[in-house]
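Enquirer: Next up, structure_15.txt (compact mmCIF, C-alpha atoms).
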```txt
# COMPACT_ATOMS: atom_id res chain seq x y z
CA MET A 5 -71.28 35.09 -24.60
CA GLU A 6 -68.91 34.34 -21.75
CA ILE A 7 -65.83 32.14 -22.05
CA ARG A 8 -64.27 30.80 -18.89
CA LEU A 9 -60.57 31.58 -19.10
CA PRO A 10 -57.91 29.75 -17.08
CA PRO A 11 -56.64 32.00 -14.26
CA GLU A 12 -53.18 32.23 -15.84
CA VAL A 13 -54.61 33.39 -19.19
CA ALA A 14 -56.86 35.93 -17.50
CA ALA A 15 -53.84 37.25 -15.57
CA LEU A 16 -51.84 37.67 -18.81
CA LEU A 17 -54.64 39.71 -20.38
CA GLU A 18 -55.05 41.82 -17.25
CA ARG A 19 -51.35 42.65 -17.09
CA LEU A 20 -51.28 43.82 -20.72
CA GLN A 21 -54.46 45.85 -20.20
CA ALA A 22 -53.10 47.43 -17.01
CA ARG A 23 -50.22 48.83 -19.12
CA GLY A 24 -52.73 50.44 -21.51
CA HIS A 25 -52.74 47.77 -24.23
CA GLU A 26 -55.60 45.79 -25.74
CA ALA A 27 -55.35 42.03 -25.27
CA PHE A 28 -57.58 39.13 -26.37
CA VAL A 29 -57.50 35.37 -26.65
CA VAL A 30 -57.88 34.58 -30.33
CA GLY A 31 -58.34 31.92 -32.98
CA GLY A 32 -58.75 28.22 -32.38
CA CYS A 33 -59.02 28.48 -28.60
CA VAL A 34 -62.07 30.76 -28.94
CA ARG A 35 -63.61 28.42 -31.52
CA ASP A 36 -63.12 25.37 -29.33
CA ALA A 37 -64.36 27.11 -26.17
CA LEU A 38 -67.56 28.14 -27.97
CA ARG A 39 -68.02 24.50 -28.97
CA GLY A 40 -67.80 23.46 -25.33
CA GLU A 41 -64.35 21.92 -25.72
CA THR A 42 -61.29 22.60 -23.57
CA PRO A 43 -58.68 24.35 -25.74
CA GLY A 44 -55.25 22.76 -25.80
CA ASP A 45 -53.53 26.14 -26.24
CA TRP A 46 -54.53 29.71 -25.53
CA ASP A 47 -53.13 32.18 -28.07
CA ILE A 48 -53.15 35.87 -27.21
CA CYS A 49 -53.11 38.88 -29.51
CA THR A 50 -52.43 42.42 -28.37
CA SER A 51 -52.04 45.98 -29.54
CA ALA A 52 -48.68 46.07 -27.72
CA LEU A 53 -45.60 45.97 -29.92
CA PRO A 54 -43.23 43.06 -29.25
CA GLU A 55 -40.82 45.16 -27.16
CA GLU A 56 -43.76 46.52 -25.17
CA THR A 57 -44.97 42.99 -24.50
CA ILE A 58 -41.51 41.99 -23.31
CA ALA A 59 -41.46 45.00 -20.99
CA CYS A 60 -44.82 43.95 -19.50
CA PHE A 61 -43.30 40.60 -18.53
CA SER A 62 -39.85 41.67 -17.43
CA ASP A 63 -40.17 39.37 -14.41
CA CYS A 64 -40.75 36.32 -16.64
CA THR A 65 -38.61 34.34 -19.05
CA VAL A 66 -39.44 35.52 -22.57
CA HIS A 67 -38.29 33.82 -25.77
CA ARG A 68 -37.93 36.07 -28.82
CA THR A 69 -37.96 33.23 -31.37
CA GLY A 70 -40.89 34.59 -33.40
CA ILE A 71 -40.34 38.28 -32.75
CA ARG A 72 -39.77 39.06 -36.45
CA HIS A 73 -43.42 38.14 -37.00
CA GLY A 74 -44.57 39.85 -33.81
CA THR A 75 -44.73 36.77 -31.56
CA VAL A 76 -42.98 36.25 -28.23
CA LEU A 77 -43.29 33.23 -25.97
CA VAL A 78 -43.84 34.12 -22.33
CA LEU A 79 -43.19 31.51 -19.63
CA PHE A 80 -45.80 32.36 -17.01
CA ARG A 81 -46.60 30.30 -13.92
CA GLY A 82 -45.01 27.17 -15.33
CA ALA A 83 -46.45 27.24 -18.86
CA GLY A 84 -45.65 28.92 -22.17
CA TYR A 85 -48.03 31.35 -23.91
CA GLU A 86 -47.61 32.91 -27.35
CA ILE A 87 -48.47 36.62 -27.44
CA THR A 88 -48.61 38.24 -30.87
CA THR A 89 -48.93 41.87 -31.89
CA TYR A 90 -51.86 42.78 -34.15
CA ARG A 91 -50.52 42.40 -37.68
CA THR A 92 -51.28 42.00 -41.34
CA GLU A 93 -49.23 40.06 -43.85
CA GLY A 94 -48.27 40.84 -47.42
CA GLY A 95 -46.81 38.92 -50.36
CA TYR A 96 -46.56 35.11 -50.35
CA ALA A 97 -44.01 34.29 -53.03
CA ASP A 98 -43.68 30.69 -51.81
CA HIS A 99 -47.45 30.19 -51.23
CA ARG A 100 -46.71 29.63 -47.55
CA HIS A 101 -44.76 32.35 -45.70
CA PRO A 102 -45.47 36.09 -45.82
CA ASP A 103 -42.82 38.21 -47.49
CA GLN A 104 -43.51 40.98 -45.00
CA VAL A 105 -45.39 41.53 -41.75
CA ARG A 106 -46.84 44.89 -40.80
CA PHE A 107 -48.03 45.69 -37.29
CA VAL A 108 -51.48 47.31 -37.20
CA PRO A 109 -53.37 49.20 -34.50
CA THR A 110 -56.75 47.43 -34.56
CA LEU A 111 -57.97 43.94 -33.74
CA GLU A 112 -60.27 43.77 -36.77
CA GLU A 113 -57.34 44.33 -39.15
CA ASP A 114 -55.57 41.41 -37.48
CA LEU A 115 -58.62 39.14 -37.70
CA SER A 116 -59.10 39.99 -41.38
CA ARG A 117 -55.86 38.16 -42.33
CA ARG A 118 -56.95 34.84 -40.82
CA ASP A 119 -58.03 31.80 -42.79
CA PHE A 120 -61.60 30.85 -41.80
CA THR A 121 -64.35 32.76 -40.03
CA VAL A 122 -64.52 30.24 -37.17
CA ASN A 123 -60.84 30.98 -36.50
CA ALA A 124 -61.25 34.77 -36.77
CA MET A 125 -62.89 35.47 -33.41
CA ALA A 126 -61.38 37.03 -30.29
CA TYR A 127 -62.50 37.40 -26.68
CA ASN A 128 -61.72 39.11 -23.44
CA PRO A 129 -64.01 39.48 -20.40
CA GLN A 130 -64.44 43.24 -20.83
CA ALA A 131 -65.25 43.41 -24.56
CA GLY A 132 -66.84 39.98 -24.81
CA LEU A 133 -66.78 38.15 -28.14
CA VAL A 134 -65.39 40.09 -31.09
CA ASP A 135 -66.65 38.47 -34.29
CA PRO A 136 -66.55 40.80 -37.31
CA PHE A 137 -66.88 38.05 -39.95
CA GLY A 138 -69.75 35.92 -38.63
CA GLY A 139 -67.69 33.09 -37.23
CA GLN A 140 -70.12 32.33 -34.41
CA GLU A 141 -73.02 31.95 -36.85
CA ASP A 142 -70.90 29.71 -39.11
CA LEU A 143 -69.99 27.69 -36.04
CA ARG A 144 -73.66 27.30 -35.18
CA ARG A 145 -74.56 26.27 -38.74
CA GLY A 146 -71.57 23.94 -39.13
CA ILE A 147 -70.07 25.84 -42.07
CA LEU A 148 -66.38 26.34 -42.91
CA ARG A 149 -66.00 29.61 -44.82
CA CYS A 150 -63.00 31.75 -45.69
CA VAL A 151 -62.47 35.22 -44.32
CA GLY A 152 -62.76 37.50 -47.32
CA ALA A 153 -61.99 36.23 -50.83
CA PRO A 154 -61.23 32.47 -50.78
CA GLU A 155 -58.94 32.59 -53.82
CA GLU A 156 -56.79 35.19 -52.12
CA ARG A 157 -56.60 33.28 -48.85
CA PHE A 158 -55.39 30.11 -50.58
CA ARG A 159 -52.97 31.93 -52.88
CA GLU A 160 -51.41 33.49 -49.79
CA ASP A 161 -50.88 30.16 -48.05
CA ALA A 162 -51.69 26.90 -49.85
CA LEU A 163 -51.45 24.92 -46.63
CA ARG A 164 -54.79 26.52 -45.72
CA ILE A 165 -56.35 24.20 -48.31
CA LEU A 166 -55.42 21.14 -46.26
CA ARG A 167 -56.17 22.96 -43.00
CA GLY A 168 -59.64 23.51 -44.40
CA LEU A 169 -60.06 19.79 -45.08
CA ARG A 170 -58.78 18.97 -41.59
CA PHE A 171 -61.05 21.47 -39.87
CA ALA A 172 -64.11 20.32 -41.84
CA SER A 173 -63.32 16.68 -41.09
CA ARG A 174 -62.54 17.17 -37.42
CA LEU A 175 -65.37 19.61 -36.67
CA GLY A 176 -67.89 17.73 -38.81
CA PHE A 177 -68.52 20.85 -40.92
CA ALA A 178 -69.63 21.36 -44.51
CA ILE A 179 -67.34 23.50 -46.65
CA GLU A 180 -69.06 26.61 -48.01
CA PRO A 181 -69.35 26.21 -51.84
CA GLU A 182 -67.19 29.19 -52.85
CA THR A 183 -64.54 28.18 -50.33
CA GLY A 184 -64.58 24.58 -51.59
CA ALA A 185 -64.37 25.60 -55.24
CA ALA A 186 -61.40 27.86 -54.50
CA MET A 187 -59.65 25.03 -52.65
CA LEU A 188 -59.89 22.87 -55.76
CA ARG A 189 -58.84 25.64 -58.14
CA GLN A 190 -55.79 26.56 -56.05
CA ARG A 191 -54.62 23.00 -55.31
CA ALA A 192 -51.47 23.36 -57.43
CA GLY A 193 -50.12 25.61 -54.68
CA LEU A 194 -49.73 22.48 -52.55
CA ASP A 195 -46.67 21.62 -54.66
CA CYS A 196 -44.82 24.39 -52.78
CA ILE A 197 -45.62 23.06 -49.30
CA ALA A 198 -43.13 21.01 -47.26
CA ARG A 199 -43.99 17.33 -47.34
CA GLU A 200 -43.85 17.05 -43.55
CA ARG A 201 -46.52 19.73 -43.17
CA ILE A 202 -48.72 18.02 -45.74
CA PHE A 203 -48.39 14.68 -43.95
CA ALA A 204 -49.35 16.21 -40.59
CA GLU A 205 -52.48 17.77 -42.11
CA LEU A 206 -53.32 14.54 -43.96
CA LYS A 207 -53.31 12.51 -40.74
CA GLY A 208 -55.51 15.06 -39.00
CA PHE A 209 -57.93 15.09 -41.92
CA LEU A 210 -58.14 11.29 -42.13
CA CYS A 211 -58.91 10.98 -38.42
CA GLY A 212 -61.88 13.37 -38.52
CA SER A 213 -65.53 12.41 -38.19
CA ARG A 214 -66.57 13.76 -41.62
CA VAL A 215 -63.81 12.16 -43.65
CA LEU A 216 -66.11 10.09 -45.90
CA PRO A 217 -67.92 12.86 -47.83
CA LEU A 218 -64.73 14.91 -48.00
CA LEU A 219 -62.79 12.00 -49.53
CA LEU A 220 -65.48 11.66 -52.17
CA ASP A 221 -65.88 15.37 -52.93
CA TYR A 222 -62.25 16.55 -52.66
CA ARG A 223 -60.35 13.59 -54.05
CA GLU A 224 -58.45 15.77 -56.53
CA LEU A 225 -56.91 17.69 -53.63
CA LEU A 226 -55.40 14.46 -52.31
CA ALA A 227 -54.27 13.36 -55.76
CA GLN A 228 -52.32 16.61 -56.08
CA PHE A 229 -49.71 15.26 -53.66
CA LEU A 230 -50.71 11.57 -53.75
CA PRO A 231 -50.92 10.68 -57.47
CA GLU A 232 -50.94 7.01 -56.43
CA LEU A 233 -54.62 7.49 -55.53
CA ARG A 234 -55.89 8.81 -58.88
CA PRO A 235 -56.09 5.45 -60.75
CA MET A 236 -58.65 4.31 -58.15
CA PHE A 237 -61.08 7.11 -59.06
CA ASP A 238 -64.14 5.61 -60.78
CA HIS A 239 -62.30 2.33 -61.40
CA PRO A 240 -64.93 -0.47 -61.58
CA GLN A 241 -64.61 -3.67 -59.57
CA ASN A 242 -67.16 -5.83 -61.42
CA ASN A 243 -67.17 -8.29 -58.56
CA PRO A 244 -70.20 -9.48 -56.54
CA HIS A 245 -68.30 -8.86 -53.29
CA HIS A 246 -68.22 -5.13 -54.05
CA CYS A 247 -70.94 -2.49 -54.35
CA TYR A 248 -68.59 0.49 -54.92
CA ASP A 249 -65.85 1.41 -57.35
CA VAL A 250 -62.30 1.20 -55.96
CA TRP A 251 -62.15 4.79 -54.68
CA ALA A 252 -65.62 4.78 -53.12
CA HIS A 253 -64.79 1.49 -51.41
CA THR A 254 -61.57 3.05 -50.11
CA ALA A 255 -63.40 6.11 -48.77
CA HIS A 256 -65.98 3.96 -46.97
CA ALA A 257 -63.23 1.73 -45.56
CA VAL A 258 -61.32 4.74 -44.19
CA ALA A 259 -64.46 5.98 -42.44
CA ALA A 260 -65.26 2.50 -41.10
CA VAL A 261 -62.03 2.03 -39.14
CA ARG A 262 -61.10 3.53 -35.77
CA PRO A 263 -59.71 7.10 -36.14
CA GLU A 264 -56.08 6.24 -35.48
CA PRO A 265 -53.45 7.39 -38.02
CA VAL A 266 -51.93 3.96 -38.75
CA LEU A 267 -55.34 2.41 -39.34
CA ARG A 268 -56.70 5.22 -41.49
CA LEU A 269 -53.52 5.46 -43.56
CA THR A 270 -53.71 1.70 -44.09
CA MET A 271 -57.27 1.93 -45.38
CA LEU A 272 -56.39 4.90 -47.61
CA PHE A 273 -53.70 2.89 -49.41
CA HIS A 274 -54.88 -0.71 -48.95
CA ASP A 275 -56.32 -1.04 -52.47
CA CYS A 276 -54.31 1.57 -54.38
CA GLY A 277 -52.61 -1.25 -56.33
CA LYS A 278 -55.89 -2.70 -57.60
CA PRO A 279 -56.00 -0.83 -60.93
CA ASP A 280 -52.56 -2.21 -61.84
CA CYS A 281 -53.71 -5.77 -61.05
CA TYR A 282 -57.17 -5.70 -62.66
CA THR A 283 -58.22 -8.62 -64.83
CA VAL A 284 -61.63 -9.83 -66.02
CA ASP A 285 -62.43 -13.52 -66.37
CA GLU A 286 -64.58 -15.18 -69.05
CA ALA A 287 -67.71 -14.55 -66.97
CA GLY A 288 -66.98 -10.83 -66.83
CA VAL A 289 -66.02 -10.91 -63.15
CA GLY A 290 -63.21 -8.59 -62.08
CA HIS A 291 -60.22 -9.85 -60.09
CA PHE A 292 -57.22 -8.13 -58.48
CA HIS A 293 -54.67 -10.89 -57.89
CA LYS A 294 -51.65 -9.85 -55.79
CA HIS A 295 -53.01 -6.34 -55.29
CA PRO A 296 -51.91 -6.17 -51.60
CA GLN A 297 -48.27 -6.45 -52.61
CA ARG A 298 -48.65 -3.80 -55.32
CA SER A 299 -50.59 -1.55 -52.92
CA ALA A 300 -47.79 -1.86 -50.37
CA GLN A 301 -45.22 -0.84 -53.01
CA LEU A 302 -47.19 2.26 -53.96
CA ALA A 303 -47.86 3.12 -50.31
CA GLU A 304 -44.17 2.88 -49.52
CA GLU A 305 -43.33 5.32 -52.32
CA ALA A 306 -46.00 7.77 -51.13
CA LEU A 307 -45.19 7.57 -47.42
CA THR A 308 -41.47 7.93 -48.06
CA ARG A 309 -42.12 11.01 -50.17
CA LEU A 310 -44.24 12.50 -47.35
CA ARG A 311 -41.43 11.92 -44.82
CA CYS A 312 -43.53 9.45 -42.80
CA ASP A 313 -41.78 8.15 -39.70
CA ASN A 314 -40.39 4.62 -40.00
CA ARG A 315 -42.57 3.00 -37.31
CA THR A 316 -45.81 4.23 -38.88
CA LYS A 317 -44.64 3.29 -42.36
CA GLU A 318 -43.65 -0.23 -41.31
CA ASP A 319 -46.99 -0.76 -39.57
CA VAL A 320 -48.98 0.48 -42.57
CA LEU A 321 -47.06 -1.59 -45.12
CA LEU A 322 -47.37 -4.81 -43.13
CA LEU A 323 -51.09 -4.28 -42.56
CA ILE A 324 -51.65 -3.60 -46.27
CA THR A 325 -49.68 -6.70 -47.24
CA TRP A 326 -51.75 -8.88 -44.89
CA HIS A 327 -55.20 -7.32 -45.28
CA ASP A 328 -56.44 -9.88 -47.83
CA ARG A 329 -54.78 -13.09 -46.61
CA LEU A 330 -57.21 -14.53 -44.08
CA HIS A 331 -59.68 -16.07 -46.52
CA HIS A 332 -59.65 -19.50 -44.89
CA VAL A 333 -59.63 -19.06 -41.13
CA SER A 334 -57.91 -21.79 -39.13
CA ARG A 335 -55.55 -22.09 -36.20
CA ALA A 336 -52.71 -22.50 -38.67
CA SER A 337 -53.57 -19.43 -40.75
CA VAL A 338 -54.15 -17.23 -37.70
CA GLY A 339 -50.97 -18.59 -36.12
CA THR A 340 -48.96 -17.78 -39.24
CA MET A 341 -50.36 -14.27 -39.20
CA LEU A 342 -49.60 -13.85 -35.50
CA ALA A 343 -46.03 -15.05 -35.96
CA ALA A 344 -45.47 -12.62 -38.85
CA LEU A 345 -47.07 -9.56 -37.28
CA GLY A 346 -46.84 -10.00 -33.52
CA PRO A 347 -49.73 -9.38 -31.09
CA ARG A 348 -50.02 -5.60 -31.53
CA ARG A 349 -50.13 -5.59 -35.30
CA ALA A 350 -52.31 -8.72 -35.37
CA ALA A 351 -54.93 -6.87 -33.33
CA LEU A 352 -54.71 -3.92 -35.71
CA LEU A 353 -55.13 -6.26 -38.68
CA MET A 354 -58.44 -7.49 -37.23
CA GLU A 355 -59.66 -3.87 -37.31
CA VAL A 356 -58.40 -3.42 -40.87
CA ILE A 357 -60.21 -6.55 -42.08
CA GLN A 358 -63.41 -5.46 -40.35
CA ALA A 359 -63.34 -2.03 -42.01
CA ASP A 360 -62.58 -3.61 -45.40
CA ASP A 361 -65.54 -5.96 -44.99
CA ARG A 362 -67.89 -3.15 -43.97
CA ALA A 363 -67.13 -1.31 -47.21
CA LYS A 364 -68.09 -4.30 -49.38
CA ALA A 365 -71.45 -5.55 -50.65
CA PRO A 366 -73.94 -6.06 -47.77
CA ALA A 367 -74.91 -9.50 -49.10
CA TYR A 368 -71.56 -10.86 -47.89
CA ALA A 369 -71.47 -8.98 -44.60
CA GLN A 370 -72.84 -11.80 -42.42
CA ALA A 371 -70.35 -14.40 -43.66
CA ASP A 372 -67.49 -11.91 -43.42
CA ALA A 373 -68.45 -10.99 -39.85
CA ARG A 374 -68.60 -14.67 -38.90
CA ASP A 375 -65.13 -15.35 -40.34
CA LEU A 376 -63.69 -12.31 -38.57
CA ALA A 377 -65.24 -13.32 -35.24
CA GLU A 378 -63.68 -16.77 -35.63
CA ALA A 379 -60.29 -15.25 -36.45
CA ARG A 380 -60.46 -12.97 -33.41
CA ALA A 381 -61.43 -15.86 -31.17
CA LEU A 382 -58.54 -17.96 -32.45
CA LEU A 383 -56.15 -15.05 -32.00
CA GLY A 384 -57.23 -14.63 -28.39
CA GLN A 385 -56.94 -18.36 -27.80
CA LEU A 386 -53.44 -18.57 -29.24
CA LEU A 387 -52.26 -15.62 -27.17
CA ALA A 388 -53.80 -17.12 -24.02
CA GLU A 389 -51.99 -20.38 -24.72
CA GLY A 390 -48.65 -18.58 -25.04
CA TYR A 391 -48.25 -19.05 -28.78
CA CYS A 392 -44.62 -19.40 -29.83
CA LEU A 393 -43.88 -16.18 -31.70
CA SER A 394 -40.13 -16.43 -32.13
CA ARG A 395 -37.09 -18.59 -31.40
CA GLN A 396 -36.84 -16.86 -28.03
CA ASP A 397 -40.17 -18.48 -27.05
CA LEU A 398 -38.91 -22.02 -27.72
CA LYS A 399 -38.28 -24.15 -24.64
CA ILE A 400 -34.80 -24.91 -25.92
CA SER A 401 -31.86 -22.55 -26.34
CA GLY A 402 -29.11 -22.25 -28.91
CA ARG A 403 -26.63 -23.38 -26.23
CA GLU A 404 -28.60 -26.61 -25.71
CA VAL A 405 -28.70 -27.27 -29.46
CA MET A 406 -24.95 -26.69 -29.59
CA ASP A 407 -24.48 -29.17 -26.71
CA LEU A 408 -26.23 -31.76 -28.87
CA GLY A 409 -23.45 -31.41 -31.43
CA ALA A 410 -24.59 -28.59 -33.72
CA SER A 411 -22.24 -25.75 -34.64
CA GLY A 412 -22.17 -22.49 -36.60
CA PRO A 413 -25.12 -21.67 -38.89
CA GLU A 414 -26.48 -25.17 -38.27
CA ILE A 415 -27.71 -24.02 -34.81
CA GLY A 416 -29.89 -21.30 -36.33
CA ARG A 417 -31.26 -23.60 -39.03
CA ILE A 418 -32.31 -26.19 -36.44
CA LEU A 419 -33.98 -23.56 -34.23
CA GLU A 420 -35.87 -22.18 -37.25
CA GLU A 421 -37.12 -25.65 -38.16
CA LEU A 422 -38.19 -26.30 -34.58
CA LEU A 423 -40.04 -22.97 -34.53
CA ARG A 424 -41.81 -23.74 -37.81
CA GLU A 425 -42.96 -27.14 -36.58
CA VAL A 426 -44.13 -25.76 -33.24
CA GLN A 427 -46.10 -22.99 -34.97
CA ALA A 428 -47.63 -25.54 -37.36
CA GLU A 429 -48.58 -27.59 -34.27
CA GLN A 430 -46.56 -30.53 -35.56
CA LEU A 431 -44.35 -30.43 -32.47
CA GLU A 432 -45.01 -29.60 -28.82
CA ASN A 433 -43.08 -26.74 -27.29
CA ARG A 434 -41.69 -28.86 -24.45
CA PRO A 435 -37.95 -29.31 -23.67
CA ALA A 436 -37.94 -33.10 -24.12
CA ALA A 437 -39.88 -33.01 -27.40
CA LEU A 438 -37.70 -30.22 -28.78
CA CYS A 439 -34.50 -31.96 -27.73
CA ASN A 440 -35.51 -35.23 -29.38
CA ARG A 441 -36.53 -33.45 -32.57
CA ALA A 442 -33.25 -31.47 -32.64
CA LYS A 443 -31.29 -34.74 -32.33
CA ALA A 444 -33.28 -36.20 -35.26
CA LEU A 445 -32.56 -33.11 -37.36
CA LEU A 446 -28.86 -33.36 -36.54
CA GLU A 447 -28.75 -37.02 -37.50
CA ARG A 448 -30.56 -36.26 -40.75
```
Re-express the file's structure as structure tokens.

Expert:
Amino acid sequence: MEIRLPPEVAALLERLQARGHEAFVVGGCVRDALRGETPGDWDICTSALPEETIACFSDCTVHRTGIRHGTVLVLFRGAGYEITTYRTEGGYADHRHPDQVRFVPTLEEDLSRRDFTVNAMAYNPQAGLVDPFGGQEDLRRGILRCVGAPEERFREDALRILRGLRFASRLGFAIEPETGAAMLRQRAGLDCIARERIFAELKGFLCGSRVLPLLLDYRELLAQFLPELRPMFDHPQNNPHHCYDVWAHTAHAVAAVRPEPVLRLTMLFHDCGKPDCYTVDEAGVGHFHKHPQRSAQLAEEALTRLRCDNRTKEDVLLLITWHDRLHHVSRASVGTMLAALGPRRAALLMEVIQADDRAKAPAYAQADARDLAEARALLGQLLAEGYCLSRQDLKISGREVMDLGASGPEIGRILEELLREVQAEQLENRPAALCNRAKALLER
């Protein structure tokens, strides 16, 4: 098995080897290259000790930031490459970072400490593929399996649990049964992991191609750090519009939307408030009045706890709040939505509504698709017509309103009323019409 290395990477290996050291590319770059993908990063491992590596690249800029763990960053031909000494790790008191690192003489000892077999392969042109744990076969079969004892791997570093979900989702792999069972048994270790790291892994997991079965099979992993999700598990809907319980609907909705973090986070949380809003009418039909608002509240608590950035959080909360509002499609309703969300978020909302509809009962799919197509057409029409989104889009300025005799807060109140009437299509957005209406408001 030959892997085509970039010339710079090949030159790094050759220089280490010329000084009598072993050197291989290792880990995710080997996995991705074997899958026919172009690796984003090329990590290198070597038998050279850190100081020996630095000596090999005395003509380059070398950063010692990770030298305590055997890693140096070499700036070579305009790019940075991490080169790490063969090592093993021992003791993980915090379920994340090794208490000690020991340098070892052989590549196999180094590979034995890694998380999954598909990440425990190394390569150089002379030795070819080094694969002591069957990673290539697991790659071929589409299996994610731990190196060695799964319980031990996850006790060492609990973040590997979420890395496993992300890899399985992104690669489209099934999780080997013993590995999956150990992930569930060791999930309490996630309580020790930094929230930012959890959020990064969550986004990667949600945007993978195999997210649907993993959401259904490993829901307790998510509930370990997102307890807001647990009330949805097995919660009935008892409504003809739905063919799944609340969590199954959520999982199908996540998988039905484009794999973009804002959209998939929106679908993950869009119905998390339903259990708190559940009522049953006299006919036995379930209802969830005002659940978007409750879902947005719960989502805000969860995203804040996970240190979500403000832009993403604001997008997700607005989309959740609006996801169930376009029941009666009209120019007025679409215009109101456009004014509240703006063009970018309005376009995202169309995708959210479509995914929500696709996760409902098929009997309603045709009508839902027709309503959505009408809403999208109206949205495009309003944008093409230059829909008035804010006071800045009015064909009258605050200065002109002041010249008519308004002053202080009265100027803003008149502009807001003009904007409302223009958006409701009760008033044309033309200077003369706006001026006349402003005069009437002043006189009133």

Enquirer: Have a look at A:Ile87, A:Ile7, A:Ala428, A:Leu225 and name the one nearest to A:Val66; count all atoms listed in the file.

Expert: A:Ile87

Enquirer: Atom CA of A:Thr92 and atom CA of A:Glu56, how far apart in Å?

Expert: 18.4 Å

Enquirer: Select, from A:Ala350, A:Ile197, A:Val289, A:Ala252, the residue with the minimum atom-to-atom distance to A:Leu310, counting only C-alpha atoms.

Expert: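 Closest candidate: A:Ile197.
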
Enquirer: Which is closer to A:Lys317 than all the others in A:Arg374, A:Lys294, A:Glu305, A:Ser401, using only C-alpha atoms?

Expert: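 Selected residue with least distance to A:Lys317: A:Glu305.
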
Enquirer: Neighbourhood query: residues within 9 Å of (-27.5, -30.8, -29.8), file coordinates, counting only C-alpha atoms; return as a PyMOL selection string.

Expert: chain A and resi 402-411+415+439+442-443+446

Enquirer: In the coordinate frame of the file, compute which residues have an atom within 10 Å of (-43.3, 31.6, -27.4) when using all atoms listed in the file, and state them as a PyMOL selection string.

Expert: chain A and resi 47+65-71+75-79+84-88

Enquirer: Edge lengths and centre, in Å to one decimal, as lines of an AutoDock Vina configuration file: that's what I need for the box along x, y and z that holds all listed atoms of stretch 408-414 of chain A plus 3 Å on each side.

Expert:
```
center_x = -24.3
center_y = -26.7
center_z = -33.9
size_x = 10.3
size_y = 16.1
size_z = 16.0
```

Enquirer: Quick check, in Å to one decimal: how far apart do atom CA of A:Leu233 and atom CA of A:Val320 lie?

Expert: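 Interatomic distance here is 15.8 Å.
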
Enquirer: Between atom CA of A:Ala255 and atom CA of A:Glu155, what distance in Å does the model show, to one decimal?

Expert: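 Spanning atom CA of A:Ala255 to atom CA of A:Glu155 is a straight-line distance of 27.3 Å.
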
Enquirer: Compile the contact shell of A:Arg223 as a list in words: residues with an atom at most 10 Å away, counting only C-alpha atoms, same-chain residues fewer than 3 positions apart removed.

Expert: Leu188, Pro217, Leu218, Leu219, Leu220, Leu226, Ala227, Gln228, Leu230, Leu233, Arg234, Phe237, Trp251 and Ala255 of chain A

Enquirer: Which residue out of A:Arg191, A:Arg164, A:Arg311, A:Arg349 has the minimum interatomic distance to A:Glu205 when all atoms listed in the file are used?

Expert: A:Arg164

Enquirer: Quick one: residues within 10 Å of A:Gln358, all atoms listed in the file counted, chain neighbours fewer than 5 positions away excluded, as number ranges by chain?

Expert: A: 257, 260-261, 327, 352-353, 363, 369, 372-373, 376-377

Enquirer: Of the candidates A:Leu267, A:Ala178, A:Val258, A:Val34, which shows the shortest atom-to-atom distance to A:Arg145, using all atoms listed in the file?

Expert: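 Residue with the minimum atom-to-atom distance to A:Arg145: A:Ala178.
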
Enquirer: Pick out the residues sitting within 7 Å of A:Ala365, and hand them over as a ChimeraX atom specification; count only C-alpha atoms, and ignore anything fewer than 5 positions along from it in its own chain.

Expert: /A:245-247

Enquirer: Residues of the last selection are to be written out with C-alpha atoms, as a compact mmCIF listing (two decimals), in the frame of the given file.

Expert:
```txt
# COMPACT_ATOMS: atom_id res chain seq x y z
CA HIS A 245 -68.30 -8.86 -53.29
CA HIS A 246 -68.22 -5.13 -54.05
CA CYS A 247 -70.94 -2.49 -54.35
```

Enquirer: Just checking: using only C-alpha atoms, which residue out of A:Gly74, A:Asn440, A:Ser334, A:Pro366 ends up closest to A:Glu55?

Expert: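 When distances to A:Glu55 are compared using only C-alpha atoms, the smallest one comes from A:Gly74.
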
Enquirer: Show which residues sit within 9 Å of stretch 270-273 of chain A, as a PyMOL selection string. Count only C-alpha atoms, and ignore same-chain residues fewer than 4 positions away.

Expert: chain A and resi 210+232-233+254-255+257-259+261+265-266+277+299-300+302-303+319-321+323-324+356+359-360

Enquirer: Would you mind exporting C-alpha atoms of the selected residues as a short mmCIF file (atom, residue, chain, number, x, y, z; two decimals), in the frame of the given file?

Expert:
```cif
data_model
loop_
_atom_site.label_atom_id
_atom_site.label_comp_id
_atom_site.auth_asym_id
_atom_site.auth_seq_id
_atom_site.Cartn_x
_atom_site.Cartn_y
_atom_site.Cartn_z
CA LEU A 210 -58.14 11.29 -42.13
CA GLU A 232 -50.94 7.01 -56.43
CA LEU A 233 -54.62 7.49 -55.53
CA THR A 254 -61.57 3.05 -50.11
CA ALA A 255 -63.40 6.11 -48.77
CA ALA A 257 -63.23 1.73 -45.56
CA VAL A 258 -61.32 4.74 -44.19
CA ALA A 259 -64.46 5.98 -42.44
CA VAL A 261 -62.03 2.03 -39.14
CA PRO A 265 -53.45 7.39 -38.02
CA VAL A 266 -51.93 3.96 -38.75
CA GLY A 277 -52.61 -1.25 -56.33
CA SER A 299 -50.59 -1.55 -52.92
CA ALA A 300 -47.79 -1.86 -50.37
CA LEU A 302 -47.19 2.26 -53.96
CA ALA A 303 -47.86 3.12 -50.31
CA ASP A 319 -46.99 -0.76 -39.57
CA VAL A 320 -48.98 0.48 -42.57
CA LEU A 321 -47.06 -1.59 -45.12
CA LEU A 323 -51.09 -4.28 -42.56
CA ILE A 324 -51.65 -3.60 -46.27
CA VAL A 356 -58.40 -3.42 -40.87
CA ALA A 359 -63.34 -2.03 -42.01
CA ASP A 360 -62.58 -3.61 -45.40
#
```
